[in-house]
Structures are given as C-alpha cells and as structure tokens.
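**Student:** Let me begin by handing over the structure; questions about it come next.
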Amino acid sequence: AIFVGELSLFWRRFANRELCSCGQALPDCRFWASIISKGFGELKAEDAQNLGKLEWALRRRQAIRSLFTTNRPIAMPGHSQAIVDARVKLYCAIASVAQAEWIVDSGKDPWLGEIFGRLFRANFYTVHIVRDPRGVAFSWMKLVKSDSEPGYMPRRHAAAVAVSWLIQNLIIQSALRHLSASYVRLRYEDLATDPETVVRGVAQSMGIAPDRLAWESRDECQPDLHWVAGNPGVRQSSRSSMKIKLDKEWQDRMPRVQRWLVTVICGVLFPSYGYPFSCVRKTRPRSR
C-alpha cells in the first residue's frame with residue numbers, strides 16, 4: 001500500500017508548483033514526474049489548472065445531489081467524465097509506479113467519494129476517521145505556516161468548522177457506507193492511543209490477511225515519502241521521525257464560548273461517536 005496525501009488538491013497544487021512532502025515542487029518531484037509521464041505523457045500547468053476547476057464544479061453539483069441519496073447509477077456529462085477519466089489515470093499510474101495494490105488517498109471530500117463509490121464500488125473502500133469537532137475547530141483556529149504553498153494555512157471560524165464537520169460526517173456515514181466495498185469508522189483519539197490495534201482492525205475489515213500487514217516503527221527516518229498537501233507538522237516530521245501522539249491541546253486552550261458553540265452544533269452526533277458533551281479543563285494555578 002502507498003499513502004499519497006490529499007489527491008483532491010493535486011491538480012491545483014501541481015499547476016502552482018507547490019511542494020511535495022519530499023521538499024521538491026510537484027512537477028519536479030521524481031515520483032510525481034514518473035506518474036504524470038506514465039498516465040498522461042505530459043501535463044501542462046494550464047491543463048492541470050483546468051482539471052482542478054472542473055473537479056471543483058463537479059464537487060459542488062454533487063454536494064446538492066447528495067441530499068437525495070440513491071443507489072441508481074449516475075449520468076456523467078462530457079466534462080464530468082473527463083474528470084473521472086483523469087482521476088482513474090492518476091490512480092492507475094500511481095499503482096504502476098509504486099507497484100502498490102492499495103492507494104490510500106486522504107482527500108477529505110465525501111462528495112467526490114460518493115461519485116467514485118457509485119462508479120467503482122468493487123474497488124472503493126472507505127475508512128471514516130472522526131475526531132472530536134472541538135479539537136478540529138481549534139486546529140483551524142491556529143496560525144500555522146504552510147510548508148507546501150506560500151504564506152500560512154487558511155483559518156476558519158469555529159462555527160464554520162462545526163457546520164462542515166457535521167455535514168461531511170453525515171454524508172459519509174449515510175452514503176459512503178452503502179457505496180463502498182468496505183466501510184469502517186474509527187476515532188482519531190483511539191488511533192492515536194493504540195495505532196497498531198486500530199490499523200490491524202482496519203486491515204481485517206478490508207480482507208487484508210494479518211501476515212501481509214507489516215507493522216513498522218515510525219521512529220526512524222522515512223526519506224522516500226511523497227504526500228500531496230496535508231498537515232505541515234506531519235509532513236515535516238515524516239522527513240525525520242514521526243511519532244503518533246494524541247493532540248489534546250484544545251482541552252486546555254480553546255476558549256469556552258467557542259467550545260460550547262461547536263458542541264451545540266455538532267452534539268447530535270456525539271452519542272454515536274462516543275464524545276462527551278462537556279470536557280473538564282485543567283485548572284491552572286493563579287499567580288499572586
């Protein structure tokens with residue numbers, strides 16, 4: 001298996017010459033250059049930019065269709081079919097160059113996922129990772145310098161993050177679980193606490209035999225990783241050493257008003273995901 005990051009952002013980032021996790025611009029990266037050559041022969045910046053725009057338009061239309069979930073096949077107009085064909089070429093080229101049977105795409109896009117699930121259900125598997133939305137909102141509030149594009153990572157208001165978290169998770173659990181060859185849901189908190197057990201459970205749900213799952217320590221340097229987009233801290237640590245650690249910073253530093261705002265918006269899913277409505281903050285000693 002090979003992890004390639006967020007392919008929903010690939011076309012735009014390739015066109016803008018943003019950085020792969022290896023530190024090279026995507027068009028100059030040996031890995032991605034081989035994939036483009038294998039799947040497309042040549043891909044000019046303007047062509048990649050156009051694919052990104054068309055994919056975004058397709059995503060917006062599918063967001064409306066998702067409100068009326070159906071198992072019937074979807075009709076693909078010409079430009080939409082071009083998007084699907086380009087994504088299929090990309091996946092096939094990745095599998096060929098990396099000699100991988102499984103491609104792990106972490107693109108957080110349930111609408112495109114719904115399209116691919118309808119078209120390629122036999123080869124489409126969904127791992128639905130959820131995180132406490134208060135932790136997600138707090139992450140979006142931080143000022144973080146990007147390591148792949150100029151400037152800083154975008155920031156969003158807690159309410160906007162909460163609404164997005166609610167809608168996306170509802171779509172994933174209501175649509176993708178029925179459109180995937182295999183669907184498994186897990187919590188980020190459980191993954192960070194006991195990654196080996198959780199990963200083995202995911203592999204089992206997908207029919208991967210335990211003897212094919214080699215669990216390796218990530219304390220050592222991993223120099224040959226090529227991820228598109230993603231968290232800057234994780235991308236940087238992948239070039240040296242990466243230890244899975246539970247991020248609980250929001251429990252101490254997230255303002256009370258924003259914490260409860262997110263809880264009110266997303267609380268309808270808390271019982272299903274096992275999240276408490278209240279979280280006791282650690283008290284800090286007052287200075288005299």
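By convention here, the chains of the structure tokens are called A, B, ... in the order presented, each chain's residues are numbered starting at 1, and ligands are numbered starting at 1 in the order presented.
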Pull the alpha helix (DSSP H) assignments for segment 102-228 of chain A out of DSSP run on the backbone, and list those residues as a PyMOL selection string.
**Tutor:** chain A and resi 110-119+133-141+158-171+177-179+188-193+195-205
**Student:** Distance table requested - segment 100-135 of chain A against segment 171-182 of chain A, cut-off 12 Å, only C-alpha atoms: one row per qualifying residue with the closest atom pair and its distance in Å to one decimal, ordered by chain and rising residue number, as a Markdown table.
**Tutor:**
| residue | atom | partner | partner_atom | distance |
| --- | --- | --- | --- | --- |
| A:Lys108 | CA | A:Ile172 | CA | 10.1 |
| A:Asp109 | CA | A:Ile172 | CA | 9.2 |
| A:Pro110 | CA | A:Ile172 | CA | 5.9 |
| A:Trp111 | CA | A:Ile171 | CA | 8.1 |
| A:Leu112 | CA | A:Leu176 | CA | 10.4 |
| A:Gly113 | CA | A:Leu176 | CA | 7.2 |
| A:Glu114 | CA | A:Leu176 | CA | 6.0 |
| A:Ile115 | CA | A:Leu179 | CA | 9.2 |
| A:Phe116 | CA | A:Leu179 | CA | 8.7 |
| A:Gly117 | CA | A:Leu179 | CA | 5.0 |
| A:Arg118 | CA | A:Leu179 | CA | 6.0 |
| A:Leu119 | CA | A:Leu179 | CA | 9.2 |
| A:Phe120 | CA | A:Ser180 | CA | 8.5 |
| A:Arg121 | CA | A:Ser180 | CA | 5.3 |
| A:Ala122 | CA | A:Ala181 | CA | 5.3 |
| A:Asn123 | CA | A:Ala181 | CA | 6.6 |
| A:Phe124 | CA | A:Ser180 | CA | 5.4 |
| A:Tyr125 | CA | A:Ser182 | CA | 5.0 |
| A:Thr126 | CA | A:Ser180 | CA | 6.2 |
| A:Val127 | CA | A:Ser182 | CA | 8.3 |
| A:His128 | CA | A:Ile172 | CA | 7.3 |
| A:Ile129 | CA | A:Ile172 | CA | 10.1 |
| A:Val130 | CA | A:Ile172 | CA | 10.5 |
**Student:** Residues within 12 Å of Ser106 of chain A, please, as a ChimeraX atom specification. Count only C-alpha atoms; anything in the same chain fewer than 5 positions from it doesn't count.
**Tutor:** /A:2-10,113,125-129,227-231
**Student:** Save out the residues we just selected, C-alpha atoms, as a compact mmCIF listing (two decimals), in the first residue's frame.
**Tutor:**
# COMPACT_ATOMS: atom_id res chain seq x y z
CA ILE A 2 1.10 3.57 -0.60
CA PHE A 3 -0.12 6.77 1.07
CA VAL A 4 -0.16 9.77 -1.27
CA GLY A 5 -1.85 12.52 0.76
CA GLU A 6 -4.86 14.54 -0.40
CA LEU A 7 -5.36 13.92 -4.11
CA SER A 8 -8.45 16.16 -4.16
CA LEU A 9 -5.90 19.02 -4.13
CA PHE A 10 -3.46 17.51 -6.61
CA GLY A 113 -16.01 9.99 -2.77
CA TYR A 125 -13.01 1.25 0.33
CA THR A 126 -13.82 3.87 2.94
CA VAL A 127 -12.02 4.43 6.25
CA HIS A 128 -14.10 7.04 8.07
CA ILE A 129 -11.90 8.76 10.67
CA TRP A 227 2.49 13.36 0.02
CA VAL A 228 0.23 15.96 -1.55
CA ALA A 229 -0.91 18.67 0.88
CA GLY A 230 -1.63 17.65 4.48
CA ASN A 231 -0.67 18.95 7.90
**Student:** Could the residues of segment 5-104 of chain A that have an atom at most 9 Å from segment 143-162 of chain A be listed as JSON lines, each with its closest atom pair and the distance in Å to one decimal, counting only C-alpha atoms and ordered by chain and ascending residue number?
**Tutor:**
{"residue": "A:Arg13", "atom": "CA", "partner": "A:Glu149", "partner_atom": "CA", "distance": 8.2}
{"residue": "A:Asn16", "atom": "CA", "partner": "A:Glu149", "partner_atom": "CA", "distance": 8.5}
{"residue": "A:Arg17", "atom": "CA", "partner": "A:Glu149", "partner_atom": "CA", "distance": 8.5}
{"residue": "A:Glu18", "atom": "CA", "partner": "A:Glu149", "partner_atom": "CA", "distance": 5.3}
{"residue": "A:Leu19", "atom": "CA", "partner": "A:Ser148", "partner_atom": "CA", "distance": 4.4}
{"residue": "A:Cys20", "atom": "CA", "partner": "A:Ser148", "partner_atom": "CA", "distance": 6.8}
{"residue": "A:Ser21", "atom": "CA", "partner": "A:Ser148", "partner_atom": "CA", "distance": 7.6}
{"residue": "A:Gly23", "atom": "CA", "partner": "A:Ser148", "partner_atom": "CA", "distance": 8.1}
{"residue": "A:Ala25", "atom": "CA", "partner": "A:Ser148", "partner_atom": "CA", "distance": 8.4}
**Student:** Please, could you write that set of residues out with all heavy atoms as a PDB file, in the first residue's frame?
**Tutor:**
ATOM      1  N   ARG A  13      -2.425  22.097  -6.946  1.00  0.00           N
ATOM      2  CA  ARG A  13      -1.083  22.210  -6.370  1.00  0.00           C
ATOM      3  C   ARG A  13      -0.006  21.862  -7.391  1.00  0.00           C
ATOM      4  O   ARG A  13       1.082  22.433  -7.369  1.00  0.00           O
ATOM      5  CB  ARG A  13      -0.976  21.331  -5.129  1.00  0.00           C
ATOM      6  CG  ARG A  13      -1.964  21.757  -4.042  1.00  0.00           C
ATOM      7  CD  ARG A  13      -1.457  21.477  -2.665  1.00  0.00           C
ATOM      8  NE  ARG A  13      -2.281  22.142  -1.657  1.00  0.00           N
ATOM      9  CZ  ARG A  13      -1.872  22.397  -0.439  1.00  0.00           C
ATOM     10  NH1 ARG A  13      -0.645  22.061  -0.064  1.00  0.00           N
ATOM     11  NH2 ARG A  13      -2.657  22.997   0.430  1.00  0.00           N
ATOM     12  N   ASN A  16       0.357  24.969  -9.612  1.00  0.00           N
ATOM     13  CA  ASN A  16       1.012  26.081  -8.916  1.00  0.00           C
ATOM     14  C   ASN A  16       2.415  25.746  -8.434  1.00  0.00           C
ATOM     15  O   ASN A  16       3.031  26.538  -7.716  1.00  0.00           O
ATOM     16  CB  ASN A  16       0.159  26.518  -7.728  1.00  0.00           C
ATOM     17  CG  ASN A  16      -1.168  27.112  -8.153  1.00  0.00           C
ATOM     18  OD1 ASN A  16      -1.319  27.581  -9.280  1.00  0.00           O
ATOM     19  ND2 ASN A  16      -2.150  27.097  -7.263  1.00  0.00           N
ATOM     20  N   ARG A  17       2.897  24.560  -8.788  1.00  0.00           N
ATOM     21  CA  ARG A  17       4.245  24.121  -8.421  1.00  0.00           C
ATOM     22  C   ARG A  17       4.455  24.142  -6.898  1.00  0.00           C
ATOM     23  O   ARG A  17       5.506  24.544  -6.401  1.00  0.00           O
ATOM     24  CB  ARG A  17       5.314  24.973  -9.102  1.00  0.00           C
ATOM     25  CG  ARG A  17       5.340  24.859 -10.610  1.00  0.00           C
ATOM     26  CD  ARG A  17       6.508  25.635 -11.204  1.00  0.00           C
ATOM     27  NE  ARG A  17       7.776  25.174 -10.662  1.00  0.00           N
ATOM     28  CZ  ARG A  17       8.441  24.101 -11.117  1.00  0.00           C
ATOM     29  NH1 ARG A  17       7.955  23.388 -12.115  1.00  0.00           N
ATOM     30  NH2 ARG A  17       9.579  23.751 -10.569  1.00  0.00           N
ATOM     31  N   GLU A  18       3.439  23.729  -6.170  1.00  0.00           N
ATOM     32  CA  GLU A  18       3.593  23.645  -4.725  1.00  0.00           C
ATOM     33  C   GLU A  18       4.359  22.385  -4.360  1.00  0.00           C
ATOM     34  O   GLU A  18       4.570  21.505  -5.196  1.00  0.00           O
ATOM     35  CB  GLU A  18       2.207  23.696  -4.073  1.00  0.00           C
ATOM     36  CG  GLU A  18       1.534  25.047  -4.313  1.00  0.00           C
ATOM     37  CD  GLU A  18       0.103  25.105  -3.830  1.00  0.00           C
ATOM     38  OE1 GLU A  18      -0.268  24.259  -2.982  1.00  0.00           O
ATOM     39  OE2 GLU A  18      -0.651  25.969  -4.299  1.00  0.00           O
ATOM     40  N   LEU A  19       4.787  22.294  -3.117  1.00  0.00           N
ATOM     41  CA  LEU A  19       5.790  21.305  -2.744  1.00  0.00           C
ATOM     42  C   LEU A  19       5.189  19.960  -2.341  1.00  0.00           C
ATOM     43  O   LEU A  19       4.185  19.885  -1.641  1.00  0.00           O
ATOM     44  CB  LEU A  19       6.653  21.830  -1.601  1.00  0.00           C
ATOM     45  CG  LEU A  19       7.417  23.128  -1.852  1.00  0.00           C
ATOM     46  CD1 LEU A  19       8.311  23.434  -0.659  1.00  0.00           C
ATOM     47  CD2 LEU A  19       8.235  23.056  -3.131  1.00  0.00           C
ATOM     48  N   CYS A  20       5.860  18.915  -2.781  1.00  0.00           N
ATOM     49  CA  CYS A  20       5.620  17.561  -2.290  1.00  0.00           C
ATOM     50  C   CYS A  20       6.236  17.465  -0.893  1.00  0.00           C
ATOM     51  O   CYS A  20       7.069  18.288  -0.498  1.00  0.00           O
ATOM     52  CB  CYS A  20       6.260  16.554  -3.252  1.00  0.00           C
ATOM     53  SG  CYS A  20       6.296  14.840  -2.671  1.00  0.00           S
ATOM     54  N   SER A  21       5.857  16.452  -0.131  1.00  0.00           N
ATOM     55  CA  SER A  21       6.427  16.300   1.207  1.00  0.00           C
ATOM     56  C   SER A  21       7.925  16.015   1.169  1.00  0.00           C
ATOM     57  O   SER A  21       8.611  16.183   2.181  1.00  0.00           O
ATOM     58  CB  SER A  21       5.706  15.178   1.968  1.00  0.00           C
ATOM     59  OG  SER A  21       5.887  13.938   1.321  1.00  0.00           O
ATOM     60  N   GLY A  23       9.958  17.807  -0.420  1.00  0.00           N
ATOM     61  CA  GLY A  23      10.617  19.106  -0.496  1.00  0.00           C
ATOM     62  C   GLY A  23      10.748  19.651  -1.902  1.00  0.00           C
ATOM     63  O   GLY A  23      11.105  20.815  -2.084  1.00  0.00           O
ATOM     64  N   ALA A  25       9.179  20.693  -5.758  1.00  0.00           N
ATOM     65  CA  ALA A  25       7.926  21.089  -6.396  1.00  0.00           C
ATOM     66  C   ALA A  25       7.324  19.849  -7.059  1.00  0.00           C
ATOM     67  O   ALA A  25       8.043  19.018  -7.610  1.00  0.00           O
ATOM     68  CB  ALA A  25       8.172  22.188  -7.418  1.00  0.00           C
TER      69      ALA A  25
END
**Student:** Just the residues within 9 Å of segment 260-277 of chain A, please, counting only C-alpha atoms, with nothing from its chain fewer than 5 positions along; format it as a list in words.
**Tutor:** Val130, Arg131, Asp132, Pro133, Arg134, Ala137, Ala158, Ala159, Val161, Ala162, Val163, Trp165, Leu166, Asn169, Leu170, Leu186, Arg187 and Pro255 of chain A
**Student:** Atom CA of Leu225 of chain A and atom CA of Ala86 of chain A, how far apart in Å?
**Tutor:**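 Going from atom CA of Ala86 of chain A over to atom CA of Leu225 of chain A, I get 22.9 Å.
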**Student:** Which value, in Å to one decimal, gives the distance between atom CA of Ala100 of chain A and atom CA of Arg200 of chain A?
**Tutor:**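 Distance between the two atoms: 18.5 Å.
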**Student:** Can you work out which one of A:Ile103, A:Ile35, A:Leu26, A:Ile83 has the shortest atom-to-atom distance to Ala57 of chain A, counting only C-alpha atoms?
**Tutor:**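 Looking at the shortest contact to Ala57 of chain A, the residue is A:Ile83.
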**Student:** Quick one: pull the distance between atom CA of Ala33 of chain A and atom CA of Leu58 of chain A, Å, one decimal.
**Tutor:**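 According to the coordinates, atom CA of Ala33 of chain A and atom CA of Leu58 of chain A are separated by 26.0 Å.
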**Student:** Please run DSSP on the backbone and report, as a list of chain:residue names, all residues within segment 27-200 of chain A that come out as strand (DSSP E or B).
**Tutor:**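 These are the residues in question: A:Ile103, A:Val104, A:Asp105, A:Tyr125, A:Thr126, A:Val127, A:His128, A:Ile129, A:Val130, A:Lys145, A:Tyr152, A:Ser182, A:Tyr183, A:Val184, A:Arg185, A:Leu186, A:Arg187.
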**Student:** Write the selection just made, keeping C-alpha atoms, as a PDB file, in the first residue's frame?
**Tutor:**
ATOM      1  CA  ILE A 103      -3.674   3.503  -2.750  1.00  0.00           C
ATOM      2  CA  VAL A 104      -4.536   5.496   0.369  1.00  0.00           C
ATOM      3  CA  ASP A 105      -5.998   8.873  -0.603  1.00  0.00           C
ATOM      4  CA  TYR A 125     -13.009   1.249   0.333  1.00  0.00           C
ATOM      5  CA  THR A 126     -13.815   3.875   2.944  1.00  0.00           C
ATOM      6  CA  VAL A 127     -12.024   4.432   6.248  1.00  0.00           C
ATOM      7  CA  HIS A 128     -14.101   7.039   8.074  1.00  0.00           C
ATOM      8  CA  ILE A 129     -11.901   8.755  10.670  1.00  0.00           C
ATOM      9  CA  VAL A 130     -13.696  11.107  13.046  1.00  0.00           C
ATOM     10  CA  LYS A 145       2.907  28.449   8.292  1.00  0.00           C
ATOM     11  CA  TYR A 152       0.046  30.443   6.077  1.00  0.00           C
ATOM     12  CA  SER A 182     -15.892  -1.992   2.760  1.00  0.00           C
ATOM     13  CA  TYR A 183     -16.669   0.720   5.298  1.00  0.00           C
ATOM     14  CA  VAL A 184     -15.110   1.104   8.727  1.00  0.00           C
ATOM     15  CA  ARG A 185     -15.401   4.019  11.142  1.00  0.00           C
ATOM     16  CA  LEU A 186     -12.831   4.826  13.796  1.00  0.00           C
ATOM     17  CA  ARG A 187     -11.946   7.686  16.087  1.00  0.00           C
TER      18      ARG A 187
END
**Student:** Select, from A:Ser205, A:Gly52, A:Ala192, A:Gln24, the residue with the minimum atom-to-atom distance to Leu246 of chain A, counting only C-alpha atoms.
**Tutor:**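 When distances to Leu246 of chain A are compared using only C-alpha atoms, the smallest one comes from A:Ala192.
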